[in-house]
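**Student:** data38.pdb is reproduced in full below (PDB, C-alpha atoms).
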MODEL        1
ATOM      1  CA  VAL A   1     103.793 102.288 132.214  1.00  0.00           C
ATOM      2  CA  ILE A   2     105.275 100.460 129.249  1.00  0.00           C
ATOM      3  CA  LYS A   3     103.717  96.991 128.893  1.00  0.00           C
ATOM      4  CA  GLY A   4     106.847  95.381 127.375  1.00  0.00           C
ATOM      5  CA  THR A   5     108.719  95.415 130.667  1.00  0.00           C
ATOM      6  CA  LYS A   6     107.030  92.179 131.815  1.00  0.00           C
ATOM      7  CA  ALA A   7     107.930  90.461 128.547  1.00  0.00           C
ATOM      8  CA  MET A   8     111.537  91.594 128.931  1.00  0.00           C
ATOM      9  CA  SER A   9     111.659  90.200 132.473  1.00  0.00           C
ATOM     10  CA  LEU A  10     110.677  86.815 131.001  1.00  0.00           C
ATOM     11  CA  PHE A  11     113.102  87.039 128.051  1.00  0.00           C
ATOM     12  CA  PRO A  12     115.914  89.399 129.178  1.00  0.00           C
ATOM     13  CA  SER A  13     118.328  88.346 126.449  1.00  0.00           C
ATOM     14  CA  PHE A  14     115.921  89.005 123.543  1.00  0.00           C
ATOM     15  CA  THR A  15     117.770  91.852 121.828  1.00  0.00           C
ATOM     16  CA  PRO A  16     114.972  93.013 119.480  1.00  0.00           C
ATOM     17  CA  GLY A  17     112.685  93.346 122.485  1.00  0.00           C
ATOM     18  CA  ARG A  18     115.205  95.605 124.197  1.00  0.00           C
ATOM     19  CA  VAL A  19     115.414  97.808 121.105  1.00  0.00           C
ATOM     20  CA  ILE A  20     111.653  98.086 120.719  1.00  0.00           C
ATOM     21  CA  LEU A  21     111.264  98.801 124.423  1.00  0.00           C
ATOM     22  CA  GLY A  22     113.850 101.569 124.056  1.00  0.00           C
ATOM     23  CA  TRP A  23     111.882 103.031 121.151  1.00  0.00           C
ATOM     24  CA  ALA A  24     108.716 102.895 123.261  1.00  0.00           C
ATOM     25  CA  TYR A  25     110.435 104.695 126.135  1.00  0.00           C
ATOM     26  CA  GLN A  26     111.608 107.403 123.759  1.00  0.00           C
ATOM     27  CA  ALA A  27     108.107 107.749 122.317  1.00  0.00           C
ATOM     28  CA  VAL A  28     106.768 108.572 125.792  1.00  0.00           C
ATOM     29  CA  GLY A  29     109.697 110.895 126.550  1.00  0.00           C
ATOM     30  CA  ASP A  30     111.743 108.707 128.885  1.00  0.00           C
ATOM     31  CA  ASP A  31     115.131 108.933 127.178  1.00  0.00           C
ATOM     32  CA  GLU A  32     117.028 107.726 130.252  1.00  0.00           C
ATOM     33  CA  LYS A  33     115.192 104.392 130.318  1.00  0.00           C
ATOM     34  CA  ALA A  34     115.585 104.164 126.543  1.00  0.00           C
ATOM     35  CA  ILE A  35     119.351 104.567 126.910  1.00  0.00           C
ATOM     36  CA  ASP A  36     119.422 101.702 129.416  1.00  0.00           C
ATOM     37  CA  GLU A  37     117.574  99.442 126.977  1.00  0.00           C
ATOM     38  CA  TYR A  38     119.783 100.406 124.035  1.00  0.00           C
ATOM     39  CA  GLN A  39     122.922  99.731 126.061  1.00  0.00           C
ATOM     40  CA  ARG A  40     121.592  96.314 127.106  1.00  0.00           C
ATOM     41  CA  ALA A  41     120.831  95.495 123.475  1.00  0.00           C
ATOM     42  CA  LEU A  42     124.320  96.557 122.380  1.00  0.00           C
ATOM     43  CA  GLU A  43     125.904  94.326 125.021  1.00  0.00           C
ATOM     44  CA  ARG A  44     124.465  91.348 123.156  1.00  0.00           C
ATOM     45  CA  GLU A  45     124.568  92.454 119.524  1.00  0.00           C
ATOM     46  CA  PHE A  46     126.064  95.264 117.439  1.00  0.00           C
ATOM     47  CA  GLN A  47     123.317  97.101 115.522  1.00  0.00           C
ATOM     48  CA  PRO A  48     123.892 100.464 113.828  1.00  0.00           C
ATOM     49  CA  GLU A  49     120.225 101.429 114.304  1.00  0.00           C
ATOM     50  CA  VAL A  50     120.596 100.952 118.052  1.00  0.00           C
ATOM     51  CA  ILE A  51     123.697 103.139 118.129  1.00  0.00           C
ATOM     52  CA  ALA A  52     121.742 105.800 116.224  1.00  0.00           C
ATOM     53  CA  SER A  53     118.884 105.527 118.725  1.00  0.00           C
ATOM     54  CA  LEU A  54     121.344 105.760 121.604  1.00  0.00           C
ATOM     55  CA  GLY A  55     122.919 108.870 120.089  1.00  0.00           C
ATOM     56  CA  ASN A  56     119.489 110.420 119.534  1.00  0.00           C
ATOM     57  CA  ALA A  57     118.487 109.842 123.157  1.00  0.00           C
ATOM     58  CA  HIS A  58     121.759 111.263 124.490  1.00  0.00           C
ATOM     59  CA  ALA A  59     121.436 114.352 122.287  1.00  0.00           C
ATOM     60  CA  ARG A  60     117.833 114.878 123.434  1.00  0.00           C
ATOM     61  CA  LEU A  61     119.082 114.851 127.030  1.00  0.00           C
ATOM     62  CA  GLY A  62     121.795 117.394 126.181  1.00  0.00           C
ATOM     63  CA  ASN A  63     124.643 114.902 126.494  1.00  0.00           C
ATOM     64  CA  ASP A  64     126.344 116.106 123.333  1.00  0.00           C
ATOM     65  CA  ALA A  65     129.612 114.255 123.989  1.00  0.00           C
ATOM     66  CA  ALA A  66     127.826 110.886 124.176  1.00  0.00           C
ATOM     67  CA  ALA A  67     125.810 111.715 121.044  1.00  0.00           C
ATOM     68  CA  ARG A  68     129.002 112.590 119.152  1.00  0.00           C
ATOM     69  CA  GLU A  69     130.532 109.357 120.432  1.00  0.00           C
ATOM     70  CA  ALA A  70     127.645 107.453 118.809  1.00  0.00           C
ATOM     71  CA  LEU A  71     128.504 109.064 115.459  1.00  0.00           C
ATOM     72  CA  GLU A  72     132.165 108.174 115.965  1.00  0.00           C
ATOM     73  CA  ARG A  73     131.225 104.625 116.940  1.00  0.00           C
ATOM     74  CA  LEU A  74     129.420 104.174 113.635  1.00  0.00           C
ATOM     75  CA  ASP A  75     132.448 105.487 111.727  1.00  0.00           C
ATOM     76  CA  ARG A  76     134.780 103.170 113.699  1.00  0.00           C
ATOM     77  CA  ALA A  77     132.536 100.195 112.929  1.00  0.00           C
ATOM     78  CA  LYS A  78     132.902 100.947 109.224  1.00  0.00           C
ATOM     79  CA  ALA A  79     136.668 101.442 109.493  1.00  0.00           C
ATOM     80  CA  GLU A  80     136.976  98.134 111.377  1.00  0.00           C
ATOM     81  CA  GLY A  81     134.855  96.274 108.812  1.00  0.00           C
ATOM     82  CA  LYS A  82     131.914  95.560 111.151  1.00  0.00           C
ATOM     83  CA  ILE A  83     129.579  97.311 108.710  1.00  0.00           C
ATOM     84  CA  ALA A  84     129.933  98.048 105.002  1.00  0.00           C
ATOM     85  CA  TYR A  85     128.794 101.685 105.257  1.00  0.00           C
ATOM     86  CA  VAL A  86     127.321 104.170 107.691  1.00  0.00           C
ATOM     87  CA  SER A  87     123.716 104.862 106.786  1.00  0.00           C
ATOM     88  CA  ASP A  88     122.889 108.522 106.422  1.00  0.00           C
ATOM     89  CA  TYR A  89     119.530 107.678 107.976  1.00  0.00           C
ATOM     90  CA  ASN A  90     121.365 106.688 111.156  1.00  0.00           C
ATOM     91  CA  ARG A  91     123.414 109.879 111.076  1.00  0.00           C
ATOM     92  CA  ALA A  92     120.207 111.894 110.620  1.00  0.00           C
ATOM     93  CA  MET A  93     118.608 110.089 113.570  1.00  0.00           C
ATOM     94  CA  ILE A  94     121.460 111.151 115.839  1.00  0.00           C
ATOM     95  CA  PHE A  95     121.393 114.745 114.532  1.00  0.00           C
ATOM     96  CA  ALA A  96     117.605 114.854 115.060  1.00  0.00           C
ATOM     97  CA  GLY A  97     118.190 114.469 118.783  1.00  0.00           C
ATOM     98  CA  PHE A  98     120.075 117.774 118.852  1.00  0.00           C
ATOM     99  CA  GLY A  99     116.968 119.615 117.650  1.00  0.00           C
ATOM    100  CA  ASN A 100     117.588 123.036 116.112  1.00  0.00           C
ATOM    101  CA  ARG A 101     121.293 122.895 116.999  1.00  0.00           C
ATOM    102  CA  LYS A 102     121.964 120.325 114.246  1.00  0.00           C
ATOM    103  CA  LYS A 103     118.862 120.718 112.074  1.00  0.00           C
ATOM    104  CA  ARG A 104     120.833 121.484 108.896  1.00  0.00           C
ATOM    105  CA  GLN A 105     123.102 118.432 109.362  1.00  0.00           C
ATOM    106  CA  CYS A 106     120.041 116.293 110.042  1.00  0.00           C
ATOM    107  CA  LEU A 107     118.218 117.404 106.913  1.00  0.00           C
ATOM    108  CA  ASP A 108     121.393 117.067 104.811  1.00  0.00           C
ATOM    109  CA  ALA A 109     121.766 113.479 106.044  1.00  0.00           C
ATOM    110  CA  LEU A 110     118.091 112.709 105.368  1.00  0.00           C
ATOM    111  CA  GLU A 111     118.459 113.973 101.806  1.00  0.00           C
ATOM    112  CA  ARG A 112     121.537 111.766 101.308  1.00  0.00           C
ATOM    113  CA  ALA A 113     119.622 108.810 102.794  1.00  0.00           C
ATOM    114  CA  CYS A 114     116.898 109.478 100.240  1.00  0.00           C
ATOM    115  CA  ASP A 115     119.474 109.639  97.421  1.00  0.00           C
ATOM    116  CA  ARG A 116     120.752 106.238  98.611  1.00  0.00           C
ATOM    117  CA  ARG A 117     117.215 104.832  98.959  1.00  0.00           C
ATOM    118  CA  SER A 118     117.298 103.952 102.642  1.00  0.00           C
ATOM    119  CA  SER A 119     114.422 101.628 103.453  1.00  0.00           C
ATOM    120  CA  TRP A 120     114.062 103.266 106.888  1.00  0.00           C
ATOM    121  CA  LEU A 121     112.677 106.405 105.229  1.00  0.00           C
ATOM    122  CA  THR A 122     109.296 104.717 104.860  1.00  0.00           C
ATOM    123  CA  TYR A 123     108.805 105.419 108.589  1.00  0.00           C
ATOM    124  CA  LEU A 124     109.240 109.199 108.354  1.00  0.00           C
ATOM    125  CA  ASN A 125     105.562 109.959 108.989  1.00  0.00           C
ATOM    126  CA  VAL A 126     105.169 107.597 111.938  1.00  0.00           C
ATOM    127  CA  GLU A 127     108.540 107.706 113.715  1.00  0.00           C
ATOM    128  CA  PRO A 128     108.006 110.049 116.699  1.00  0.00           C
ATOM    129  CA  ARG A 129     111.642 111.153 116.806  1.00  0.00           C
ATOM    130  CA  TRP A 130     111.117 113.092 113.531  1.00  0.00           C
ATOM    131  CA  LYS A 131     108.234 115.128 114.975  1.00  0.00           C
ATOM    132  CA  PRO A 132     110.294 118.315 115.548  1.00  0.00           C
ATOM    133  CA  LEU A 133     111.127 118.387 111.822  1.00  0.00           C
ATOM    134  CA  LYS A 134     107.710 117.621 110.350  1.00  0.00           C
ATOM    135  CA  ASN A 135     106.914 121.261 109.510  1.00  0.00           C
ATOM    136  CA  GLU A 136     110.281 121.884 107.845  1.00  0.00           C
ATOM    137  CA  GLU A 137     109.971 122.244 104.076  1.00  0.00           C
ATOM    138  CA  ARG A 138     113.147 120.212 103.458  1.00  0.00           C
ATOM    139  CA  PHE A 139     111.783 117.388 105.597  1.00  0.00           C
ATOM    140  CA  GLN A 140     108.481 117.456 103.732  1.00  0.00           C
ATOM    141  CA  ALA A 141     110.389 117.384 100.429  1.00  0.00           C
ATOM    142  CA  VAL A 142     112.155 114.178 101.527  1.00  0.00           C
ATOM    143  CA  VAL A 143     108.805 112.704 102.567  1.00  0.00           C
ATOM    144  CA  ARG A 144     107.417 113.468  99.097  1.00  0.00           C
ATOM    145  CA  ARG A 145     110.517 112.008  97.385  1.00  0.00           C
ATOM    146  CA  VAL A 146     109.967 108.778  99.322  1.00  0.00           C
ATOM    147  CA  GLY A 147     106.409 108.679  97.990  1.00  0.00           C
ATOM    148  CA  LEU A 148     104.589 109.612 101.184  1.00  0.00           C
ATOM    149  CA  LEU A 149     102.258 112.501 101.862  1.00  0.00           C
ATOM    150  CA  PRO A 150     103.670 115.195 104.185  1.00  0.00           C
ATOM    151  CA  GLN A 151     101.679 115.346 107.388  1.00  0.00           C
ATOM    152  CA  GLY A 152     103.197 118.100 109.517  1.00  0.00           C
ATOM    153  CA  ASN A 153     102.773 118.253 113.261  1.00  0.00           C
ATOM    154  CA  ARG A 154      99.267 117.367 114.334  1.00  0.00           C
ATOM    155  CA  LYS A 155      97.664 118.927 117.367  1.00  0.00           C
ATOM    156  CA  SER A 156      95.956 116.355 119.531  1.00  0.00           C
TER     157      SER A 156
ENDMDL
END
As structure tokens, please, write out the structure in this file.
**Tutor:**
Amino acid sequence: VIKGTKAMSLFPSFTPGRVILGWAYQAVGDDEKAIDEYQRALEREFQPEVIASLGNAHARLGNDAAAREALERLDRAKAEGKIAYVSDYNRAMIFAGFGNRKKRQCLDALERACDRRSSWLTYLNVEPRWKPLKNEERFQAVVRRVGLLPQGNRKS
């Protein structure tokens, strides 16, 4: 059971809480509940990172059309002037949800995010959604470029 659900019942309109609760649900493998939280957050506030998380969760569930829609939504937001650019980190996060099916696109986007110095890259070793890529040499190269030590998948 995720402990944040009581806090969210007390403060249902607190958007950051919804996002963090969604991340927690994804960390324990409940992508469907994560999607609900991300959608609630997006009802209140547009956040590219939430759209990327939503796309990741949909891709992990095999809902490729919804994951592609998340990518398109980011591009539309840029075209409409809601955001100045689409972060390659966010693109990589969506592609990561596809697993091996979009591994090359994911790693390409991570490398571009590194070239553009995305601040989100500092979470590569602790963000659970990157776990399937941790043993990939290209992923480890990005980790090193960021200034972190590659950790690989740990067996617990």
**Student:** Evaluate the PyMOL selection byres ((chain A and resi 52) around 7) here and jot the selected residues down as a list in words.
**Tutor:**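 Evaluating the PyMOL selection byres ((chain A and resi 52) around 7) on these coordinates yields Pro48, Glu49, Val50, Ile51, Ser53, Leu54, Gly55, Asn56, Ala70, Asn90, Arg91, Met93 and Ile94 of chain A.
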**Student:** Mind telling me what the PyMOL selection byres ((chain A and resi 102-107) around 12) catches here, as number ranges by chain?
**Tutor:** A: 56, 59-60, 64, 67-68, 88-101, 108-114, 129-130, 132-134, 136-143
**Student:** Apply the PyMOL selection byres ((chain A and resi 146) around 10) to the file shown and report the selected residues as a ChimeraX atom specification.
**Tutor:** /A:114-115,117-119,121-124,140-145,147-149
**Student:** Could you tell me how far atom CA of Ser9 of chain A lies from atom CA of Arg40 of chain A, in Å and to one decimal?
**Tutor:** 12.8 Å
**Student:** Record the distance separating atom CA of Lys82 of chain A and atom CA of Pro12 of chain A, expressed in Å with one decimal.
**Tutor:**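 We find that atom CA of Lys82 of chain A and atom CA of Pro12 of chain A lie 24.9 Å from each other.
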**Student:** Could you pull out every residue with an atom within 7 Å of (119.5, 100.4, 123.6), file coordinates, counting all atoms listed in the file, and send them as number ranges by chain?
**Tutor:** A: 18-19, 22, 34-42, 50, 54
**Student:** Within 12 Å of Ala84 of chain A, counting only C-alpha atoms, which residues qualify if same-chain residues fewer than 5 places away don't, as a VMD selection string?
**Tutor:** chain A and resid 48 74 to 79
**Student:** Atom CA of His58 of chain A and atom CA of Asp30 of chain A, how far apart in Å?
**Tutor:** 11.2 Å
**Student:** Given only C-alpha atoms as the basis, pick out the residue of A:Ile83, A:Leu21, A:Ala27, A:Leu10 nearest to Pro128 of chain A.
**Tutor:**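 Distance minimum relative to Pro128 of chain A lands on A:Ala27.
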**Student:** Find the spatial neighbours of segment 44-46 of chain A, counting only C-alpha atoms, within a cut-off of 9 Å - ignore same-chain residues fewer than 6 positions away - and output them as a list of chain:residue names.
**Tutor:** A:Ser13, A:Phe14, A:Thr15, A:Lys82
**Student:** Just need the box for segment 20-32 of chain A, edges along x, y and z, holding every atom the file lists for it with 4 Å tacked onto each side, so centre and edge lengths in Å to one decimal, as AutoDock Vina command-line options.
**Tutor:**
--center_x 111.9 --center_y 104.5 --center_z 125.5 --size_x 18.3 --size_y 20.8 --size_z 17.5
**Student:** Provide segment 91-102 of chain A rebuilt to all heavy atoms, formatted as a PDB file, keeping the file's coordinate frame.
**Tutor:**
ATOM      1  N   ARG A  91     122.813 108.583 110.733  1.00  0.00           N
ATOM      2  CA  ARG A  91     123.414 109.879 111.076  1.00  0.00           C
ATOM      3  C   ARG A  91     122.306 110.908 111.337  1.00  0.00           C
ATOM      4  O   ARG A  91     122.366 111.656 112.315  1.00  0.00           O
ATOM      5  CB  ARG A  91     124.298 110.378 109.944  1.00  0.00           C
ATOM      6  CG  ARG A  91     125.593 109.636 109.779  1.00  0.00           C
ATOM      7  CD  ARG A  91     126.427 110.312 108.677  1.00  0.00           C
ATOM      8  NE  ARG A  91     127.540 109.502 108.279  1.00  0.00           N
ATOM      9  CZ  ARG A  91     128.681 109.396 108.947  1.00  0.00           C
ATOM     10  NH1 ARG A  91     128.842 110.061 110.066  1.00  0.00           N
ATOM     11  NH2 ARG A  91     129.653 108.618 108.517  1.00  0.00           N
ATOM     12  N   ALA A  92     121.312 110.947 110.459  1.00  0.00           N
ATOM     13  CA  ALA A  92     120.207 111.894 110.620  1.00  0.00           C
ATOM     14  C   ALA A  92     119.481 111.661 111.939  1.00  0.00           C
ATOM     15  O   ALA A  92     119.090 112.619 112.611  1.00  0.00           O
ATOM     16  CB  ALA A  92     119.235 111.781 109.447  1.00  0.00           C
ATOM     17  N   MET A  93     119.299 110.396 112.315  1.00  0.00           N
ATOM     18  CA  MET A  93     118.608 110.089 113.570  1.00  0.00           C
ATOM     19  C   MET A  93     119.359 110.678 114.762  1.00  0.00           C
ATOM     20  O   MET A  93     118.753 111.227 115.689  1.00  0.00           O
ATOM     21  CB  MET A  93     118.440 108.575 113.722  1.00  0.00           C
ATOM     22  CG  MET A  93     117.716 108.159 114.988  1.00  0.00           C
ATOM     23  SD  MET A  93     116.060 108.867 115.177  1.00  0.00           S
ATOM     24  CE  MET A  93     115.191 108.007 113.892  1.00  0.00           C
ATOM     25  N   ILE A  94     120.675 110.568 114.741  1.00  0.00           N
ATOM     26  CA  ILE A  94     121.460 111.151 115.839  1.00  0.00           C
ATOM     27  C   ILE A  94     121.324 112.672 115.817  1.00  0.00           C
ATOM     28  O   ILE A  94     121.036 113.289 116.844  1.00  0.00           O
ATOM     29  CB  ILE A  94     122.929 110.714 115.753  1.00  0.00           C
ATOM     30  CG1 ILE A  94     123.041 109.196 115.978  1.00  0.00           C
ATOM     31  CG2 ILE A  94     123.774 111.479 116.787  1.00  0.00           C
ATOM     32  CD1 ILE A  94     124.406 108.603 115.700  1.00  0.00           C
ATOM     33  N   PHE A  95     121.505 113.286 114.632  1.00  0.00           N
ATOM     34  CA  PHE A  95     121.393 114.745 114.532  1.00  0.00           C
ATOM     35  C   PHE A  95     120.008 115.238 114.936  1.00  0.00           C
ATOM     36  O   PHE A  95     119.872 116.323 115.503  1.00  0.00           O
ATOM     37  CB  PHE A  95     121.707 115.215 113.109  1.00  0.00           C
ATOM     38  CG  PHE A  95     123.153 115.103 112.738  1.00  0.00           C
ATOM     39  CD1 PHE A  95     123.516 114.581 111.508  1.00  0.00           C
ATOM     40  CD2 PHE A  95     124.165 115.530 113.590  1.00  0.00           C
ATOM     41  CE1 PHE A  95     124.848 114.482 111.137  1.00  0.00           C
ATOM     42  CE2 PHE A  95     125.498 115.432 113.238  1.00  0.00           C
ATOM     43  CZ  PHE A  95     125.848 114.907 112.008  1.00  0.00           C
ATOM     44  N   ALA A  96     118.960 114.459 114.686  1.00  0.00           N
ATOM     45  CA  ALA A  96     117.605 114.854 115.060  1.00  0.00           C
ATOM     46  C   ALA A  96     117.484 115.076 116.561  1.00  0.00           C
ATOM     47  O   ALA A  96     116.722 115.936 117.010  1.00  0.00           O
ATOM     48  CB  ALA A  96     116.590 113.820 114.587  1.00  0.00           C
ATOM     49  N   GLY A  97     118.237 114.320 117.331  1.00  0.00           N
ATOM     50  CA  GLY A  97     118.190 114.469 118.783  1.00  0.00           C
ATOM     51  C   GLY A  97     118.690 115.815 119.268  1.00  0.00           C
ATOM     52  O   GLY A  97     118.321 116.274 120.348  1.00  0.00           O
ATOM     53  N   PHE A  98     119.535 116.466 118.483  1.00  0.00           N
ATOM     54  CA  PHE A  98     120.075 117.774 118.852  1.00  0.00           C
ATOM     55  C   PHE A  98     119.059 118.899 118.630  1.00  0.00           C
ATOM     56  O   PHE A  98     119.283 120.023 119.043  1.00  0.00           O
ATOM     57  CB  PHE A  98     121.331 118.089 118.029  1.00  0.00           C
ATOM     58  CG  PHE A  98     122.552 117.313 118.424  1.00  0.00           C
ATOM     59  CD1 PHE A  98     122.884 116.141 117.763  1.00  0.00           C
ATOM     60  CD2 PHE A  98     123.382 117.760 119.441  1.00  0.00           C
ATOM     61  CE1 PHE A  98     124.020 115.430 118.106  1.00  0.00           C
ATOM     62  CE2 PHE A  98     124.516 117.064 119.787  1.00  0.00           C
ATOM     63  CZ  PHE A  98     124.840 115.888 119.123  1.00  0.00           C
ATOM     64  N   GLY A  99     117.968 118.589 117.929  1.00  0.00           N
ATOM     65  CA  GLY A  99     116.968 119.615 117.650  1.00  0.00           C
ATOM     66  C   GLY A  99     117.503 120.677 116.706  1.00  0.00           C
ATOM     67  O   GLY A  99     118.228 120.378 115.763  1.00  0.00           O
ATOM     68  N   ASN A 100     117.191 121.928 116.986  1.00  0.00           N
ATOM     69  CA  ASN A 100     117.588 123.036 116.112  1.00  0.00           C
ATOM     70  C   ASN A 100     119.101 123.201 116.011  1.00  0.00           C
ATOM     71  O   ASN A 100     119.586 123.756 115.027  1.00  0.00           O
ATOM     72  CB  ASN A 100     116.959 124.346 116.584  1.00  0.00           C
ATOM     73  CG  ASN A 100     115.489 124.404 116.245  1.00  0.00           C
ATOM     74  OD1 ASN A 100     115.031 123.791 115.286  1.00  0.00           O
ATOM     75  ND2 ASN A 100     114.735 125.135 117.050  1.00  0.00           N
ATOM     76  N   ARG A 101     119.835 122.716 116.999  1.00  0.00           N
ATOM     77  CA  ARG A 101     121.293 122.895 116.999  1.00  0.00           C
ATOM     78  C   ARG A 101     121.968 122.174 115.840  1.00  0.00           C
ATOM     79  O   ARG A 101     123.035 122.575 115.400  1.00  0.00           O
ATOM     80  CB  ARG A 101     121.897 122.431 118.325  1.00  0.00           C
ATOM     81  CG  ARG A 101     121.427 123.280 119.505  1.00  0.00           C
ATOM     82  CD  ARG A 101     121.977 122.775 120.812  1.00  0.00           C
ATOM     83  NE  ARG A 101     121.396 121.472 121.115  1.00  0.00           N
ATOM     84  CZ  ARG A 101     122.045 120.493 121.723  1.00  0.00           C
ATOM     85  NH1 ARG A 101     123.292 120.639 122.091  1.00  0.00           N
ATOM     86  NH2 ARG A 101     121.446 119.351 121.977  1.00  0.00           N
ATOM     87  N   LYS A 102     121.371 121.095 115.348  1.00  0.00           N
ATOM     88  CA  LYS A 102     121.964 120.325 114.246  1.00  0.00           C
ATOM     89  C   LYS A 102     120.927 120.045 113.156  1.00  0.00           C
ATOM     90  O   LYS A 102     121.034 119.069 112.429  1.00  0.00           O
ATOM     91  CB  LYS A 102     122.528 119.001 114.765  1.00  0.00           C
ATOM     92  CG  LYS A 102     123.584 119.125 115.831  1.00  0.00           C
ATOM     93  CD  LYS A 102     124.945 119.146 115.245  1.00  0.00           C
ATOM     94  CE  LYS A 102     125.977 119.154 116.385  1.00  0.00           C
ATOM     95  NZ  LYS A 102     127.267 119.534 115.918  1.00  0.00           N
TER      96      LYS A 102
END
